[in-house]
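Note: the block below is data_19.cif and it holds mmCIF, C-alpha atoms.
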data_final
#
loop_
_atom_site.label_atom_id
_atom_site.label_comp_id
_atom_site.auth_asym_id
_atom_site.auth_seq_id
_atom_site.Cartn_x
_atom_site.Cartn_y
_atom_site.Cartn_z
CA MET A 1 60.76 43.32 9.63
CA GLU A 2 57.33 41.72 9.36
CA ASP A 3 55.98 39.33 11.97
CA ILE A 4 56.17 35.62 11.12
CA ARG A 5 52.60 34.31 10.89
CA ILE A 6 52.29 30.89 12.56
CA GLY A 7 49.40 28.44 12.62
CA ILE A 8 49.53 25.53 15.07
CA ILE A 9 48.17 22.02 14.52
CA GLY A 10 47.25 20.55 17.90
CA HIS A 11 45.86 22.32 20.97
CA GLY A 12 46.88 19.81 23.61
CA PHE A 13 49.49 20.43 26.29
CA MET A 14 52.22 21.69 23.94
CA GLY A 15 49.69 23.63 21.86
CA HIS A 16 48.61 25.48 24.99
CA GLU A 17 52.25 26.10 25.93
CA HIS A 18 52.96 27.55 22.49
CA GLU A 19 49.84 29.69 22.71
CA LYS A 20 50.94 31.25 26.03
CA MET A 21 54.43 31.98 24.73
CA LEU A 22 53.87 33.01 21.12
CA THR A 23 51.01 35.42 21.78
CA LYS A 24 53.49 37.49 23.79
CA MET A 25 56.55 37.30 21.52
CA GLU A 26 57.62 40.18 19.33
CA GLY A 27 58.31 39.10 15.78
CA ILE A 28 55.62 36.40 15.72
CA ARG A 29 51.91 36.64 15.10
CA LEU A 30 49.94 33.56 16.08
CA VAL A 31 47.14 33.10 13.56
CA GLY A 32 45.16 30.19 14.98
CA PHE A 33 44.78 26.49 15.79
CA SER A 34 43.40 23.30 14.36
CA ASP A 35 42.81 20.05 16.23
CA ARG A 36 41.13 16.82 15.20
CA ASP A 37 39.11 17.03 18.44
CA PRO A 38 36.92 20.19 18.21
CA LYS A 39 36.58 20.29 22.01
CA GLN A 40 40.28 21.06 22.26
CA LEU A 41 39.65 24.38 20.52
CA GLU A 42 37.02 25.64 22.98
CA ASP A 43 39.55 27.56 25.09
CA VAL A 44 41.57 29.07 22.23
CA GLN A 45 42.15 32.75 22.99
CA GLU A 46 39.83 35.34 21.52
CA GLY A 47 41.09 36.80 18.27
CA LEU A 48 42.75 33.56 17.11
CA LYS A 49 41.26 31.45 14.35
CA ARG A 50 39.74 28.05 15.11
CA TYR A 51 40.06 25.94 11.99
CA SER A 52 37.59 23.17 11.18
CA SER A 53 40.39 20.91 9.90
CA ASN A 54 44.15 20.67 9.58
CA GLU A 55 43.77 21.10 5.83
CA GLU A 56 41.99 24.43 6.33
CA LEU A 57 44.88 25.72 8.46
CA ILE A 58 47.53 24.42 6.05
CA ASN A 59 45.83 26.05 3.06
CA ASP A 60 45.17 29.41 4.75
CA PRO A 61 47.24 32.00 2.83
CA GLU A 62 47.58 34.00 6.05
CA VAL A 63 49.68 31.19 7.60
CA GLN A 64 53.38 31.24 6.66
CA VAL A 65 54.67 28.64 9.14
CA VAL A 66 52.90 25.51 10.33
CA LEU A 67 53.91 24.42 13.82
CA ILE A 68 53.00 20.75 14.27
CA ALA A 69 52.11 19.83 17.86
CA ALA A 70 49.99 16.78 17.09
CA ASN A 71 50.57 13.18 18.24
CA ASN A 72 53.94 11.75 17.25
CA ASN A 73 52.51 9.33 14.69
CA GLN A 74 50.92 12.23 12.77
CA HIS A 75 54.13 14.18 12.22
CA HIS A 76 55.16 12.55 8.94
CA ASP A 77 51.92 13.09 7.06
CA LEU A 78 51.38 16.61 8.39
CA VAL A 79 54.91 17.72 7.45
CA ILE A 80 54.39 16.36 3.92
CA GLN A 81 51.01 18.13 3.59
CA ALA A 82 52.36 21.43 4.85
CA ALA A 83 55.44 21.26 2.62
CA ARG A 84 53.36 20.57 -0.49
CA ALA A 85 51.23 23.59 0.41
CA GLY A 86 54.40 25.71 0.40
CA LYS A 87 54.45 26.28 4.17
CA ASP A 88 57.57 26.48 6.30
CA ILE A 89 57.50 23.99 9.17
CA ILE A 90 58.39 23.63 12.83
CA CYS A 91 57.72 20.10 14.06
CA GLU A 92 57.52 18.97 17.66
CA LYS A 93 59.88 16.24 18.81
CA PRO A 94 60.36 13.44 18.10
CA VAL A 95 60.33 14.67 14.54
CA ALA A 96 59.40 11.22 13.19
CA MET A 97 58.69 7.65 14.27
CA SER A 98 61.56 6.23 12.18
CA LEU A 99 64.57 7.18 10.09
CA GLU A 100 62.63 6.22 6.96
CA GLU A 101 59.85 8.66 7.85
CA LEU A 102 62.34 11.48 8.49
CA ASP A 103 64.22 10.84 5.25
CA ASP A 104 60.91 11.06 3.37
CA MET A 105 60.04 14.32 5.14
CA VAL A 106 63.45 15.79 4.29
CA ARG A 107 63.13 14.78 0.63
CA VAL A 108 59.73 16.46 0.26
CA THR A 109 60.62 19.64 2.17
CA GLN A 110 63.75 20.04 0.03
CA GLU A 111 61.81 19.43 -3.17
CA CYS A 112 59.26 22.06 -2.09
CA GLY A 113 61.94 24.52 -0.98
CA VAL A 114 60.45 25.12 2.49
CA LYS A 115 62.21 25.72 5.81
CA PHE A 116 62.05 22.70 8.15
CA THR A 117 63.26 22.46 11.72
CA VAL A 118 62.34 20.79 15.03
CA HIS A 119 61.28 22.22 18.39
CA HIS A 120 64.11 21.10 20.70
CA GLN A 121 63.55 23.88 23.22
CA ARG A 122 65.20 21.92 26.03
CA ARG A 123 68.58 22.88 24.69
CA PHE A 124 67.81 26.04 26.67
CA ASP A 125 66.91 24.34 29.97
CA PRO A 126 68.81 26.17 32.73
CA ASP A 127 69.89 22.89 34.38
CA PHE A 128 71.31 21.54 31.13
CA ARG A 129 73.04 24.80 30.24
CA THR A 130 74.57 24.97 33.74
CA ALA A 131 75.95 21.44 33.43
CA LYS A 132 77.25 22.19 29.94
CA GLU A 133 78.95 25.36 31.17
CA VAL A 134 80.72 23.37 33.90
CA LEU A 135 81.99 20.93 31.28
CA ASP A 136 82.98 23.66 28.81
CA GLU A 137 84.91 25.63 31.44
CA GLY A 138 87.22 22.65 31.98
CA THR A 139 87.67 23.30 35.70
CA LEU A 140 86.95 19.64 36.57
CA GLY A 141 90.01 18.48 34.65
CA ASP A 142 89.69 15.31 32.60
CA VAL A 143 86.01 14.42 32.82
CA TYR A 144 85.30 10.69 32.89
CA THR A 145 81.57 10.52 33.62
CA ILE A 146 78.39 12.55 33.01
CA LYS A 147 75.09 11.39 34.44
CA SER A 148 71.73 12.88 33.46
CA SER A 149 68.64 11.64 35.28
CA LEU A 150 64.97 12.44 35.63
CA TYR A 151 62.71 10.77 38.20
CA GLY A 152 58.97 10.93 38.79
CA PHE A 153 56.41 9.50 41.17
CA ASN A 154 53.26 9.16 39.01
CA GLY A 155 54.20 6.20 36.85
CA ASN A 156 51.21 6.08 34.50
CA MET A 157 51.33 7.78 31.13
CA HIS A 158 48.41 9.99 30.02
CA ASP A 159 45.97 9.87 27.06
CA TRP A 160 47.68 8.98 23.74
CA HIS A 161 51.07 8.52 25.40
CA VAL A 162 49.98 5.05 26.60
CA TYR A 163 49.81 3.68 23.04
CA VAL A 164 52.81 2.47 21.05
CA ALA A 165 51.01 3.13 17.76
CA GLU A 166 50.59 6.83 18.69
CA GLY A 167 54.27 7.21 19.50
CA GLY A 168 53.86 6.96 23.25
CA GLY A 169 56.34 6.01 25.96
CA MET A 170 59.10 7.82 27.76
CA LEU A 171 61.87 7.19 25.24
CA TYR A 172 59.85 9.14 22.65
CA ASP A 173 58.57 11.68 25.17
CA TRP A 174 61.62 12.59 27.26
CA GLY A 175 64.38 10.33 25.98
CA VAL A 176 64.64 12.29 22.74
CA HIS A 177 65.33 15.46 24.77
CA LEU A 178 67.83 13.86 27.14
CA LEU A 179 69.79 12.24 24.31
CA ASP A 180 69.75 15.43 22.24
CA GLN A 181 71.13 17.31 25.24
CA MET A 182 73.94 14.77 25.68
CA PHE A 183 74.91 15.07 22.01
CA TRP A 184 74.75 18.86 22.15
CA MET A 185 76.82 18.87 25.34
CA MET A 186 79.76 17.25 23.56
CA PRO A 187 79.74 18.45 19.91
CA GLY A 188 82.03 16.38 17.75
CA ALA A 189 82.27 13.45 20.16
CA LYS A 190 81.06 10.13 18.78
CA ILE A 191 79.56 7.16 20.60
CA LYS A 192 81.74 4.05 20.37
CA SER A 193 79.27 1.71 22.10
CA LEU A 194 76.09 1.77 24.15
CA TYR A 195 74.04 -0.46 26.41
CA ALA A 196 70.40 0.13 27.33
CA ASP A 197 67.88 -1.28 29.76
CA ILE A 198 64.30 -0.35 28.81
CA ARG A 199 61.31 -1.48 30.87
CA ASN A 200 57.56 -1.32 31.18
CA VAL A 201 57.41 -1.18 34.97
CA ILE A 202 53.71 -0.43 35.49
CA ASN A 203 52.55 0.48 31.98
CA PHE A 204 51.23 -2.28 29.76
CA GLU A 205 52.33 -1.08 26.30
CA VAL A 206 54.92 1.65 26.64
CA ASP A 207 58.26 2.11 28.35
CA ASP A 208 58.30 4.04 31.63
CA TYR A 209 61.92 3.35 32.67
CA PHE A 210 65.22 3.35 30.84
CA LYS A 211 68.92 3.48 31.61
CA ILE A 212 71.33 4.14 28.75
CA LEU A 213 75.12 3.89 29.06
CA MET A 214 77.19 5.44 26.26
CA ARG A 215 80.96 5.33 25.84
CA PHE A 216 82.16 8.31 23.78
CA ASP A 217 85.42 8.50 21.86
CA ASN A 218 86.56 11.32 24.19
CA ASN A 219 86.76 8.70 26.99
CA ILE A 220 83.64 10.01 28.73
CA THR A 221 81.01 7.51 29.78
CA ALA A 222 77.58 9.12 29.79
CA GLU A 223 74.56 7.71 31.61
CA VAL A 224 70.97 8.75 30.99
CA GLU A 225 68.35 7.38 33.37
CA LEU A 226 64.63 8.08 33.59
CA GLY A 227 61.97 6.53 35.77
CA THR A 228 58.35 7.62 36.11
CA TYR A 229 57.78 5.28 39.08
CA TYR A 230 60.90 6.02 41.08
CA LEU A 231 59.44 6.36 44.54
CA THR A 232 61.03 7.95 47.59
CA ASP A 233 60.03 10.32 50.39
CA LYS A 234 63.02 12.66 49.82
CA LYS A 235 60.85 15.43 48.39
CA HIS A 236 62.96 18.19 49.88
CA ASP A 237 66.04 16.85 48.08
CA LYS A 238 64.40 17.53 44.70
CA TRP A 239 64.35 13.78 44.09
CA PHE A 240 61.37 14.00 41.74
CA GLU A 241 63.17 16.30 39.39
CA ARG A 242 66.30 16.67 37.29
CA HIS A 243 69.78 15.66 38.32
CA TRP A 244 73.19 16.01 36.73
CA PHE A 245 76.52 14.67 37.99
CA ILE A 246 79.85 15.39 36.28
CA GLY A 247 83.04 13.74 37.52
CA GLY A 248 86.58 14.74 36.60
CA ASN A 249 90.08 14.21 38.00
CA LYS A 250 90.07 17.71 39.53
CA GLY A 251 86.63 17.67 41.10
CA SER A 252 82.95 16.89 40.66
CA ALA A 253 79.79 18.90 40.10
CA TYR A 254 76.15 18.23 40.84
CA VAL A 255 73.20 20.16 39.42
CA ASP A 256 69.77 19.45 40.92
CA GLY A 257 66.35 20.64 39.76
CA PHE A 258 65.00 22.31 36.64
CA GLU A 259 65.81 25.60 38.36
CA PRO A 260 69.26 24.37 39.24
CA GLU A 261 70.91 24.21 42.61
CA GLY A 262 74.24 22.56 43.25
CA LYS A 263 77.96 22.98 43.71
CA ILE A 264 81.34 22.25 42.25
CA VAL A 265 83.08 20.02 44.79
CA ARG A 266 86.79 19.44 45.32
CA THR A 267 89.01 17.81 47.92
CA ALA A 268 91.63 19.65 49.96
CA GLY A 269 94.12 16.85 49.33
CA LEU A 270 94.31 13.38 47.84
CA LEU A 271 94.85 10.29 49.97
CA GLN A 272 98.45 9.29 50.44
CA ASN A 273 99.57 5.66 50.55
CA VAL A 274 102.25 5.09 53.18
CA SER A 275 104.03 1.76 52.83
CA GLY A 276 103.85 -0.45 55.91
CA HIS A 277 101.47 1.83 57.83
CA ARG A 278 97.73 1.34 58.29
CA THR A 279 95.44 4.13 59.40
CA MET A 280 92.19 3.00 61.02
CA THR A 281 89.04 5.12 60.74
CA ALA A 282 85.48 4.77 62.00
CA ALA A 283 84.65 3.25 58.62
CA GLY A 284 87.49 0.72 58.83
CA PRO A 285 90.95 0.72 57.30
CA THR A 286 89.80 2.63 54.23
CA ARG A 287 89.94 6.39 54.00
CA SER A 288 87.99 6.72 50.73
CA PHE A 289 84.56 6.13 52.22
CA GLY A 290 82.78 7.24 55.33
CA PRO A 291 82.45 10.80 56.66
CA PRO A 292 85.19 13.13 55.38
CA PRO A 293 87.31 14.86 58.00
CA GLU A 294 86.71 18.54 58.71
CA GLY A 295 87.96 20.76 55.91
CA LYS A 296 88.53 17.94 53.47
CA ILE A 297 85.64 18.85 51.13
CA LEU A 298 85.73 22.24 49.41
CA THR A 299 82.88 23.70 47.37
CA GLU A 300 82.54 26.38 44.70
CA GLU A 301 79.45 27.97 43.19
CA LEU A 302 78.09 26.76 39.89
CA PRO A 303 78.40 29.12 36.92
CA LYS A 304 75.40 31.36 36.38
CA VAL A 305 73.44 30.90 33.17
CA THR A 306 70.37 32.75 31.98
CA THR A 307 68.38 30.78 29.43
CA CYS A 308 64.70 30.03 28.83
CA HIS A 309 62.55 28.32 26.23
CA GLU A 310 61.73 31.64 24.58
CA ASN A 311 65.34 31.63 23.34
CA TYR A 312 64.40 28.88 20.88
CA PHE A 313 61.90 31.14 19.11
CA GLU A 314 64.23 34.14 19.33
CA ASN A 315 66.71 32.11 17.31
CA TYR A 316 63.93 30.96 14.98
CA ILE A 317 62.89 34.54 14.21
CA ARG A 318 66.45 35.63 13.39
CA ALA A 319 67.17 32.49 11.37
CA TYR A 320 63.88 32.77 9.47
CA HIS A 321 64.94 36.24 8.32
CA GLY A 322 68.40 35.01 7.34
CA GLU A 323 70.33 36.66 10.16
CA GLU A 324 71.76 33.41 11.57
CA GLU A 325 71.41 29.64 11.27
CA PHE A 326 68.57 27.65 12.78
CA LEU A 327 69.72 26.23 16.10
CA VAL A 328 68.21 22.79 15.46
CA LYS A 329 69.43 21.17 12.26
CA ILE A 330 67.73 18.16 10.73
CA PRO A 331 70.91 15.98 10.61
CA GLU A 332 71.15 16.42 14.40
CA THR A 333 67.62 15.15 14.87
CA ARG A 334 68.34 12.24 12.54
CA ARG A 335 71.33 11.28 14.69
CA VAL A 336 69.10 11.20 17.77
CA LEU A 337 66.57 8.97 15.97
CA ALA A 338 69.38 6.62 14.92
CA LEU A 339 70.60 6.51 18.52
CA MET A 340 67.08 5.71 19.74
CA ASP A 341 66.95 2.79 17.28
CA ALA A 342 70.23 1.46 18.69
CA VAL A 343 68.93 1.96 22.24
CA ARG A 344 65.83 -0.10 21.45
CA GLU A 345 67.94 -2.83 19.87
CA SER A 346 70.16 -3.04 22.95
CA GLY A 347 67.11 -3.06 25.21
CA ARG A 348 65.54 -5.84 23.15
CA THR A 349 68.65 -8.04 22.90
CA GLY A 350 70.32 -7.23 26.20
CA LYS A 351 73.59 -6.68 24.35
CA SER A 352 75.99 -3.79 23.88
CA ILE A 353 75.70 -2.05 20.50
CA GLU A 354 78.50 -0.48 18.49
CA PHE A 355 77.44 2.95 17.25
CA GLU A 356 79.11 5.52 14.96
#
Mind turning the file's structure into structure tokens?
Amino acid sequence: MEDIRIGIIGHGFMGHEHEKMLTKMEGIRLVGFSDRDPKQLEDVQEGLKRYSSNEELINDPEVQVVLIAANNNQHHDLVIQAARAGKDIICEKPVAMSLEELDDMVRVTQECGVKFTVHHQRRFDPDFRTAKEVLDEGTLGDVYTIKSSLYGFNGNMHDWHVYVAEGGGMLYDWGVHLLDQMFWMMPGAKIKSLYADIRNVINFEVDDYFKILMRFDNNITAEVELGTYYLTDKKHDKWFERHWFIGGNKGSAYVDGFEPEGKIVRTAGLLQNVSGHRTMTAAGPTRSFGPPPEGKILTEELPKVTTCHENYFENYIRAYHGEEEFLVKIPETRRVLALMDAVRESGRTGKSIEFE
């Protein structure tokens, strides 16, 4: 089986990440890079081509697949150019700036008969896969809530991410991943309604905070919250990282950090109401809050998962050669874009939105 020959447009952060990974992967041969800023190509590894333009890369017969890691607002035109040159395409997320752009990209790639998928590598994040495994195992009983959150301390965006016209902001940057994960966590479940709060806390143009509440038709309410200026001194509690919470009627689970730590938590016995008798505690007449008595809280280990971002390209290699399906399907990415439109509408109007 011959190596898949990939050329990458864009040698910024993600371009460098792809370079480190793909130069080591069996089944892929990285051909080279283009970037509209020639300085970005100065540290391209020896032996890789440095193209003078995107067009030169796209038209190089040695390149089979074009991986687009350019600014978000360039995705549409670059996908169209690559498709018309007969190249297969992997596009970074978000795949497009609008549903109209994506529909145009799909039309052209289908007309040209090229393969087209999106780099949603965070479907293989160990924290996400751990939380999904907890849900899939069903040991929490009837789950009623799932919370996914990501907090940071350095609230400013960087370079092109500070401009709306370039596709900047956290909803485009991280929101697309977090929403894709929530959809992929509950395949088949549809969102009945959603409410979103989106803010520019310290950034002038682009969003740096959002909270999204989604009520699914499986009776689970999902919450996705991100803040880049979410300050605290609880560094040792992994505050500036990833957090998951899943609540069911037979227990809860928390998953903290990109390299996850956490527990499944249960109670040794439910509270009992006794008519005509009041039990006082240090917290008052309630027994639901305050410190639990000794032995009341029981914990179990989280399931062990072994996933990494390389798994995305392992799937891509097999799917490219027809051995299985591509993990990321374009209709899935379209659903996320549609959800992001509804999220923006709710954030703009302050009203709940019916969806699906």
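The residue set within 8 Å of A:Gly169, counting all atoms listed in the file and dropping same-chain residues fewer than 3 places from it, reads Met157, His161, Val162, Tyr163, Val164, Tyr172, Asp173, Val206, Asp207 and Asp208 of chain A.
The gap separating atom CA of A:Trp239 from atom CA of A:Leu213 is 21.0 Å, in Å to one decimal.
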Output the residue selection produced by the PyMOL selection byres ((chain A and resi 46) around 12) on the file above, formatted as a list in words.
-> Glu19, Thr23, Leu30, Val31, Gly32, Phe33, Leu41, Glu42, Asp43, Val44, Gln45, Gly47, Leu48, Lys49 and Arg50 of chain A
Exactly which residues make up the result of the PyMOL selection byres ((chain A and resi 145) around 8) on this file, given as an MDAnalysis selection string?
-> chainID A and resid 143:144 146:147 220:223 245:248
Expand the PyMOL selection byres ((chain A and resi 257) around 6) into the individual residues it matches in the shown file, reporting them as a PyMOL selection string.
-> chain A and resi 241-242+256+258-260
Leaving out A:Arg29 and any residue of its chain fewer than 6 positions from it, which residues lie within 6 Å of it when counting all atoms listed in the file, given as a ChimeraX atom specification?
-> /A:3-5
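Between A:Leu150 and the candidates A:His243, A:Arg129, A:Lys192, A:Arg84, the tightest atom-to-atom separation, counting all atoms listed in the file, involves A:His243.
Nearest residue to A:Ser193 among A:Asp237, A:Glu356, A:Glu324, A:Glu92 is A:Glu356, counting all atoms listed in the file.
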Could you tell me which of A:Ile212, A:Met170, A:Val176, A:Ile317 comes closest to A:Met25 if we count only C-alpha atoms?
-> A:Ile317
Test item: axis-aligned box, all listed atoms of stretch 255-270 of chain A, 6 Å on each side, centre and edges in Å rounded to one decimal, as lines of an AutoDock Vina configuration file:
center_x = 79.7
center_y = 19.5
center_z = 43.3
size_x = 41.3
size_y = 24.2
size_z = 25.3
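Here atom CA of A:Lys250 is placed at a distance of 18.9 Å from atom CA of A:Pro293.
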Is there a way to get, as a PDB file with C-alpha atoms, in the frame of the given file, all residues within 7 Å of the point (60.2, 28.4, 7.2) in file coordinates, counting all atoms listed in the file?
ATOM      1  CA  VAL A  65      54.670  28.640   9.140  1.00  0.00           C
ATOM      2  CA  LYS A  87      54.450  26.280   4.170  1.00  0.00           C
ATOM      3  CA  ASP A  88      57.570  26.480   6.300  1.00  0.00           C
ATOM      4  CA  ILE A  89      57.500  23.990   9.170  1.00  0.00           C
ATOM      5  CA  VAL A 114      60.450  25.120   2.490  1.00  0.00           C
ATOM      6  CA  LYS A 115      62.210  25.720   5.810  1.00  0.00           C
ATOM      7  CA  PHE A 116      62.050  22.700   8.150  1.00  0.00           C
ATOM      8  CA  TYR A 320      63.880  32.770   9.470  1.00  0.00           C
TER       9      TYR A 320
END
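If you look at atom CA of A:Ala189 and atom CA of A:Thr349, they are 25.6 Å away from each other.
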Please provide as a ChimeraX atom specification all residues within 7 Å of stretch 69-78 of chain A, with the sequence filter that same-chain residues fewer than 6 positions apart are discarded (counting only C-alpha atoms).
-> /A:8-10,14-15,91-92,94-97,101,105,166-167
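In this comparison, which uses all atoms listed in the file, the residue of A:Asn203, A:Asn218, A:Thr117, A:Thr228 approaching A:Trp174 most closely is A:Thr228.
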Selection: 6 Å around stretch 56-62 of chain A, only C-alpha atoms, excl. self and same-chain fewer than 3 positions, as JSON, numbers by chain = {"A": [51, 53, 82]}
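Considering all atoms listed in the file, the residue among A:Gly295, A:Arg335, A:Ile330, A:Thr139 positioned nearest to A:Ser252 is A:Thr139.
Proximity to A:Val328 was assessed for A:Cys308, A:Val66, A:Asn315, A:Met21 counting all atoms listed in the file; the smallest distance is recorded for A:Asn315.
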Hey, what's within 9 Å of A:Gln40 if we count all atoms listed in the file and toss same-chain stuff fewer than 6 positions away? As a PyMOL selection string, please?
-> chain A and resi 10-12+34
